[in-house]
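Visitor: For reference, the structure I am asking about is given below.
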Amino acid sequence: MPYATLSLEGQCALITGASSGIGKAVAFRLVEEGISRLVLIARRKERLAVIQQELLALRNGTGKSAGPGGGDVRVHVIGMDLGANMDEVARLPDVLPEEYRDVDIVVNNAGLALGKDAVYDNSVANVIGMVNVNVSGAFVLASAFLQRMKQRNTGHLVNIGSTAGHNPYAGGSVYCGTKAALLAFSDAARHDLVNSAVRITTLSPGAVQTEFSVVRFNGDQSKAEAVYDRLVPMNADDIADQIHYVVTRPKHVQIATLISVATAQADASTIARGVSLEPVAKNQ
């Protein structure tokens, strides 16, 4: 008998940082797999509006995929800086349109790294910027939606962490610290909710080529590209696939932490450059 996974049909997912990279890829993957309602949040609302139309076309009759769940998908977009106003973030569950208020899946993806300075050179602006988004915004948003999930005795929070939260490295004191905090937050939340059916997952990817490094190095494309020089990194679709996996496990299964790295990567800071992913020919 085939293994029965959890269907996304009828479910509502909320994704932060949804205007590009992992957040955008997750939105498309969930729509392709039959999600019924999506809430997309990011600072760049104009990008979200374009993505919204692409997602509607994908499932609502003009695109190439009807999705395994069948039927139309509804998409609501919100332009918001999750690091700017914590009270506004906390009110999100109450200000969503009625049909989106029972959120089943929260993908807490918004986050950023700013610079790669040694600890003694950290700027106040960079420290505040990373802590506001990666810690304060993520914690407040998660707590707000977990309250409703506990009341309904259903739901899944997926926090997007990083291998940096497990393996700190030079030049990453603040970023690594924020991701370690998110990991601890997730583990504590799992203890708080152990007597409920709400699930908590931390996804901790290694090298993923998105806009992440471009933002980290303030738009310096050459520095961003050097991060992935002679490496085959993961991409946003790889992480979206992992998120789809964890949210579709049967309700009695909870993936607590999922760590993934590129094949030529051992941890956050150990990377082998120039490794071939092709098998060696038998005659060699």
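Residue numbering restarts at 1 in every chain; chains get A, B, ... in the order shown in the structure tokens, and ligands count up from 1 in that same order.
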Could you name the residues that touch A:Tyr245 at 12 Å or less, counting only C-alpha atoms, but leaving out those on the same chain fewer than 2 positions away, as a VMD selection string?
Guide: chain A and resid 5 to 8 26 29 to 30 33 158 201 203 238 to 243 247 to 250 253 to 255 258
Visitor: Show which residues sit within 9 Å of stretch 117-134 of chain A, as a short mmCIF file (atom, residue, chain, number, x, y, z; two decimals) with N, CA and C atoms, in the first residue's frame. Count only C-alpha atoms, and ignore same-chain residues fewer than 3 positions away.
Guide:
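Saved file selection-v5.cif follows:
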data_model
loop_
_atom_site.label_atom_id
_atom_site.label_comp_id
_atom_site.auth_asym_id
_atom_site.auth_seq_id
_atom_site.Cartn_x
_atom_site.Cartn_y
_atom_site.Cartn_z
N ASP A 81 7.73 45.35 5.89
CA ASP A 81 9.08 45.14 6.38
C ASP A 81 8.97 44.52 7.76
N LEU A 82 9.28 43.24 7.88
CA LEU A 82 9.08 42.52 9.14
C LEU A 82 10.03 42.98 10.24
N GLY A 83 11.03 43.78 9.89
CA GLY A 83 11.94 44.27 10.91
C GLY A 83 11.64 45.67 11.37
N ALA A 84 10.56 46.26 10.85
CA ALA A 84 10.31 47.69 11.11
C ALA A 84 9.34 47.96 12.25
N MET A 86 7.14 45.88 15.10
CA MET A 86 6.77 44.61 15.72
C MET A 86 5.28 44.54 16.06
N ASN A 109 10.53 32.76 6.45
CA ASN A 109 11.69 32.75 5.57
C ASN A 109 12.45 34.07 5.52
N ALA A 110 11.80 35.19 5.82
CA ALA A 110 12.46 36.49 5.70
C ALA A 110 13.70 36.54 6.59
N GLY A 111 14.80 36.98 6.03
CA GLY A 111 16.05 37.07 6.79
C GLY A 111 17.15 37.61 5.90
N LEU A 112 18.24 38.04 6.51
CA LEU A 112 19.33 38.60 5.72
C LEU A 112 20.62 38.60 6.51
N ALA A 113 21.72 38.64 5.76
CA ALA A 113 23.04 38.87 6.34
C ALA A 113 23.54 40.19 5.78
N LEU A 114 24.21 40.97 6.62
CA LEU A 114 24.74 42.27 6.20
C LEU A 114 26.23 42.31 6.54
N GLY A 137 11.52 40.10 14.27
CA GLY A 137 10.42 39.90 13.34
C GLY A 137 10.00 38.46 13.25
N ALA A 138 10.98 37.56 13.15
CA ALA A 138 10.68 36.13 13.03
C ALA A 138 10.01 35.59 14.28
N PHE A 139 10.50 36.00 15.46
CA PHE A 139 9.92 35.51 16.72
C PHE A 139 8.49 36.02 16.91
N ALA A 170 34.10 32.78 11.21
CA ALA A 170 34.69 34.11 11.29
C ALA A 170 33.95 35.06 10.35
N GLY A 171 33.68 36.25 10.83
CA GLY A 171 32.98 37.24 10.02
C GLY A 171 31.47 37.10 10.04
N GLY A 172 30.98 36.17 10.84
CA GLY A 172 29.53 35.96 10.87
C GLY A 172 28.94 36.04 12.27
N SER A 173 29.58 36.79 13.15
CA SER A 173 29.16 36.77 14.55
C SER A 173 27.68 37.11 14.74
N VAL A 174 27.21 38.14 14.06
CA VAL A 174 25.81 38.55 14.24
C VAL A 174 24.88 37.60 13.48
N TYR A 175 25.17 37.36 12.21
CA TYR A 175 24.30 36.47 11.42
C TYR A 175 24.23 35.08 12.05
N GLY A 177 24.77 34.31 15.08
CA GLY A 177 24.05 34.43 16.34
C GLY A 177 22.54 34.47 16.15
N THR A 178 22.09 35.16 15.10
CA THR A 178 20.64 35.24 14.87
C THR A 178 20.07 33.88 14.47
N LYS A 179 20.82 33.13 13.67
CA LYS A 179 20.32 31.83 13.24
C LYS A 179 20.38 30.79 14.35
N ALA A 181 19.88 31.65 17.44
CA ALA A 181 18.71 32.05 18.25
C ALA A 181 17.43 31.47 17.67
N LEU A 182 17.30 31.48 16.34
CA LEU A 182 16.10 30.94 15.70
C LEU A 182 15.99 29.44 15.94
#
Visitor: Using only C-alpha atoms, which residue out of A:Gly165, A:Gly115, A:Pro93, A:Gly10 lies closest to A:Leu146?
Guide: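 Closest candidate: A:Pro93.
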Visitor: Return the single residue from A:Ile41, A:Val31, A:Val73, A:Ile105 that is closest to A:Ala13, with distances computed using only C-alpha atoms.
Guide: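 Between A:Ile41, A:Val31, A:Val73, A:Ile105, the residue approaching A:Ala13 most closely is A:Ile105.
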Visitor: Please extract the residues of stretch 33-125 of chain A with a backbone DSSP assignment of strand (DSSP E or B) and present them as a list in words.
Guide: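 Assigned to strand (DSSP E or B), within stretch 33-125 of chain A: Arg37, Leu38, Val39, Leu40, Ile41, Ala42, Arg74, Val75, His76, Val77, Ile78, Gly79, Ile105, Val106, Val107 and Asn108 of chain A.
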Visitor: Please provide as a PyMOL selection string all residues within 12 Å of A:Ala49, with the sequence filter that same-chain residues fewer than 5 positions apart are discarded (counting only C-alpha atoms).
Guide: chain A and resi 18-19+24+39-44+54-56+75-79
Visitor: Deliver the residues from the most recent selection as a file, using C-alpha atoms, as a compact mmCIF listing (two decimals), in the first residue's frame.
Guide:
# COMPACT_ATOMS: atom_id res chain seq x y z
CA ALA A 18 8.28 35.80 -0.74
CA SER A 19 9.39 38.29 -3.41
CA LYS A 24 9.24 32.74 -4.17
CA VAL A 39 -0.46 34.74 1.83
CA LEU A 40 2.78 36.25 0.51
CA ILE A 41 4.67 38.87 2.54
CA ALA A 42 7.72 40.92 1.53
CA ARG A 43 8.99 44.50 1.49
CA ARG A 44 8.77 44.73 -2.32
CA GLU A 54 1.91 34.24 -12.21
CA LEU A 55 0.63 31.93 -9.48
CA LEU A 56 -3.00 32.58 -10.36
CA VAL A 75 -3.35 34.49 -3.33
CA HIS A 76 -3.20 37.49 -0.98
CA VAL A 77 -0.13 39.74 -0.92
CA ILE A 78 1.11 42.11 1.80
CA GLY A 79 3.92 44.64 1.48
Visitor: For a quick check of understanding, using only C-alpha atoms, which of A:Asp87, A:Ala236, A:Ile271, A:Asp192 has the smallest distance to A:Ser136?
Guide: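 Nearest candidate to A:Ser136 out of A:Asp87, A:Ala236, A:Ile271, A:Asp192: A:Asp87.
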Visitor: Provide the atom CA of A:Tyr100 to atom CA of A:Asn235 distance in Å, to one decimal place.
Guide: 29.0 Å
Visitor: When you draw a straight line from atom CA of A:Ser260 to atom CA of A:Ser196, how long is it in Å?
Guide: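 We find that atom CA of A:Ser260 and atom CA of A:Ser196 lie 27.6 Å from each other.
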Visitor: Which residue gives the smallest distance to A:Asp94 among A:Gln53, A:Asn108, A:Ser36, A:Gln147, with only C-alpha atoms counted?
Guide: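 So, comparing all the options, the nearest one is A:Gln147.
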Visitor: Just list the residues in stretch 51-259 of chain A DSSP gives helix (DSSP H, G or I) on the backbone, as a VMD selection string.
Guide: chain A and resid 51 to 59 86 to 90 92 to 95 98 to 100 119 to 121 124 to 152 163 to 165 173 to 192 212 to 216 221 to 227 236 to 247
Visitor: Using atom CA of A:Ile200 and atom CA of A:Arg91 as the two end points, give the distance in Å to one decimal.
Guide: 21.2 Å
Visitor: Taking only C-alpha atoms into account, name the residue in A:Ala25, A:Ile259, A:Pro205, A:Val227 that is nearest to A:Ala272.
Guide: A:Val227
Visitor: List the neighbours of A:Ala90 out to 10 Å using only C-alpha atoms; skip same-chain residues closer than 5 positions along the sequence, and give me the result as a list in words.
Guide: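 Surrounding residues, per the criterion: Leu82, Asn85, Val95, Gly137, Phe139, Val140, Leu141, Ala142, Ser143, Ala144 and Phe145 of chain A.
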Visitor: Just write the chosen residues, all heavy atoms, as a PDB file, in the first residue's frame.
Guide:
ATOM      1  N   LEU A  82       9.282  43.239   7.882  1.00  0.00           N
ATOM      2  CA  LEU A  82       9.076  42.525   9.144  1.00  0.00           C
ATOM      3  C   LEU A  82      10.028  42.982  10.242  1.00  0.00           C
ATOM      4  O   LEU A  82       9.834  42.633  11.411  1.00  0.00           O
ATOM      5  CB  LEU A  82       9.237  41.018   8.922  1.00  0.00           C
ATOM      6  CG  LEU A  82       8.154  40.376   8.054  1.00  0.00           C
ATOM      7  CD1 LEU A  82       8.489  38.920   7.781  1.00  0.00           C
ATOM      8  CD2 LEU A  82       6.794  40.486   8.708  1.00  0.00           C
ATOM      9  N   ASN A  85       8.258  47.197  12.336  1.00  0.00           N
ATOM     10  CA  ASN A  85       7.205  47.507  13.301  1.00  0.00           C
ATOM     11  C   ASN A  85       6.672  46.206  13.905  1.00  0.00           C
ATOM     12  O   ASN A  85       5.853  45.520  13.303  1.00  0.00           O
ATOM     13  CB  ASN A  85       6.085  48.284  12.612  1.00  0.00           C
ATOM     14  CG  ASN A  85       5.039  48.796  13.583  1.00  0.00           C
ATOM     15  OD1 ASN A  85       4.729  48.159  14.593  1.00  0.00           O
ATOM     16  ND2 ASN A  85       4.482  49.967  13.288  1.00  0.00           N
ATOM     17  N   VAL A  95      -5.605  40.920  11.036  1.00  0.00           N
ATOM     18  CA  VAL A  95      -5.927  41.835   9.937  1.00  0.00           C
ATOM     19  C   VAL A  95      -5.984  41.141   8.584  1.00  0.00           C
ATOM     20  O   VAL A  95      -6.337  41.773   7.583  1.00  0.00           O
ATOM     21  CB  VAL A  95      -4.920  43.004   9.874  1.00  0.00           C
ATOM     22  CG1 VAL A  95      -4.931  43.788  11.173  1.00  0.00           C
ATOM     23  CG2 VAL A  95      -3.510  42.519   9.554  1.00  0.00           C
ATOM     24  N   GLY A 137      11.521  40.100  14.273  1.00  0.00           N
ATOM     25  CA  GLY A 137      10.417  39.904  13.345  1.00  0.00           C
ATOM     26  C   GLY A 137       9.997  38.456  13.246  1.00  0.00           C
ATOM     27  O   GLY A 137       8.799  38.129  13.266  1.00  0.00           O
ATOM     28  N   PHE A 139      10.496  36.004  15.461  1.00  0.00           N
ATOM     29  CA  PHE A 139       9.923  35.511  16.716  1.00  0.00           C
ATOM     30  C   PHE A 139       8.494  36.020  16.911  1.00  0.00           C
ATOM     31  O   PHE A 139       7.599  35.270  17.295  1.00  0.00           O
ATOM     32  CB  PHE A 139      10.767  35.977  17.906  1.00  0.00           C
ATOM     33  CG  PHE A 139      12.094  35.285  18.059  1.00  0.00           C
ATOM     34  CD1 PHE A 139      12.618  34.477  17.058  1.00  0.00           C
ATOM     35  CD2 PHE A 139      12.835  35.460  19.213  1.00  0.00           C
ATOM     36  CE1 PHE A 139      13.848  33.852  17.208  1.00  0.00           C
ATOM     37  CE2 PHE A 139      14.061  34.835  19.383  1.00  0.00           C
ATOM     38  CZ  PHE A 139      14.574  34.036  18.372  1.00  0.00           C
ATOM     39  N   VAL A 140       8.286  37.307  16.656  1.00  0.00           N
ATOM     40  CA  VAL A 140       6.963  37.901  16.875  1.00  0.00           C
ATOM     41  C   VAL A 140       5.935  37.292  15.922  1.00  0.00           C
ATOM     42  O   VAL A 140       4.815  36.942  16.312  1.00  0.00           O
ATOM     43  CB  VAL A 140       7.021  39.431  16.728  1.00  0.00           C
ATOM     44  CG1 VAL A 140       5.621  40.041  16.716  1.00  0.00           C
ATOM     45  CG2 VAL A 140       7.852  40.046  17.846  1.00  0.00           C
ATOM     46  N   LEU A 141       6.320  37.142  14.644  1.00  0.00           N
ATOM     47  CA  LEU A 141       5.400  36.558  13.675  1.00  0.00           C
ATOM     48  C   LEU A 141       5.054  35.120  14.049  1.00  0.00           C
ATOM     49  O   LEU A 141       3.886  34.715  14.038  1.00  0.00           O
ATOM     50  CB  LEU A 141       6.005  36.617  12.274  1.00  0.00           C
ATOM     51  CG  LEU A 141       5.118  36.054  11.156  1.00  0.00           C
ATOM     52  CD1 LEU A 141       5.083  36.985   9.955  1.00  0.00           C
ATOM     53  CD2 LEU A 141       5.587  34.667  10.714  1.00  0.00           C
ATOM     54  N   ALA A 142       6.066  34.341  14.410  1.00  0.00           N
ATOM     55  CA  ALA A 142       5.828  32.945  14.779  1.00  0.00           C
ATOM     56  C   ALA A 142       4.900  32.851  15.985  1.00  0.00           C
ATOM     57  O   ALA A 142       3.936  32.070  15.988  1.00  0.00           O
ATOM     58  CB  ALA A 142       7.155  32.253  15.076  1.00  0.00           C
ATOM     59  N   SER A 143       5.168  33.637  17.014  1.00  0.00           N
ATOM     60  CA  SER A 143       4.349  33.579  18.224  1.00  0.00           C
ATOM     61  C   SER A 143       2.897  33.944  17.937  1.00  0.00           C
ATOM     62  O   SER A 143       1.966  33.313  18.463  1.00  0.00           O
ATOM     63  CB  SER A 143       4.926  34.527  19.285  1.00  0.00           C
ATOM     64  OG  SER A 143       6.222  34.115  19.674  1.00  0.00           O
ATOM     65  N   ALA A 144       2.697  34.952  17.092  1.00  0.00           N
ATOM     66  CA  ALA A 144       1.344  35.398  16.771  1.00  0.00           C
ATOM     67  C   ALA A 144       0.538  34.287  16.102  1.00  0.00           C
ATOM     68  O   ALA A 144      -0.631  34.051  16.453  1.00  0.00           O
ATOM     69  CB  ALA A 144       1.401  36.632  15.880  1.00  0.00           C
ATOM     70  N   PHE A 145       1.146  33.605  15.148  1.00  0.00           N
ATOM     71  CA  PHE A 145       0.397  32.563  14.428  1.00  0.00           C
ATOM     72  C   PHE A 145       0.331  31.260  15.215  1.00  0.00           C
ATOM     73  O   PHE A 145      -0.652  30.509  15.095  1.00  0.00           O
ATOM     74  CB  PHE A 145       0.994  32.348  13.043  1.00  0.00           C
ATOM     75  CG  PHE A 145       0.594  33.419  12.066  1.00  0.00           C
ATOM     76  CD1 PHE A 145       1.418  34.503  11.823  1.00  0.00           C
ATOM     77  CD2 PHE A 145      -0.634  33.370  11.431  1.00  0.00           C
ATOM     78  CE1 PHE A 145       1.035  35.513  10.950  1.00  0.00           C
ATOM     79  CE2 PHE A 145      -1.031  34.374  10.556  1.00  0.00           C
ATOM     80  CZ  PHE A 145      -0.193  35.449  10.319  1.00  0.00           C
TER      81      PHE A 145
END
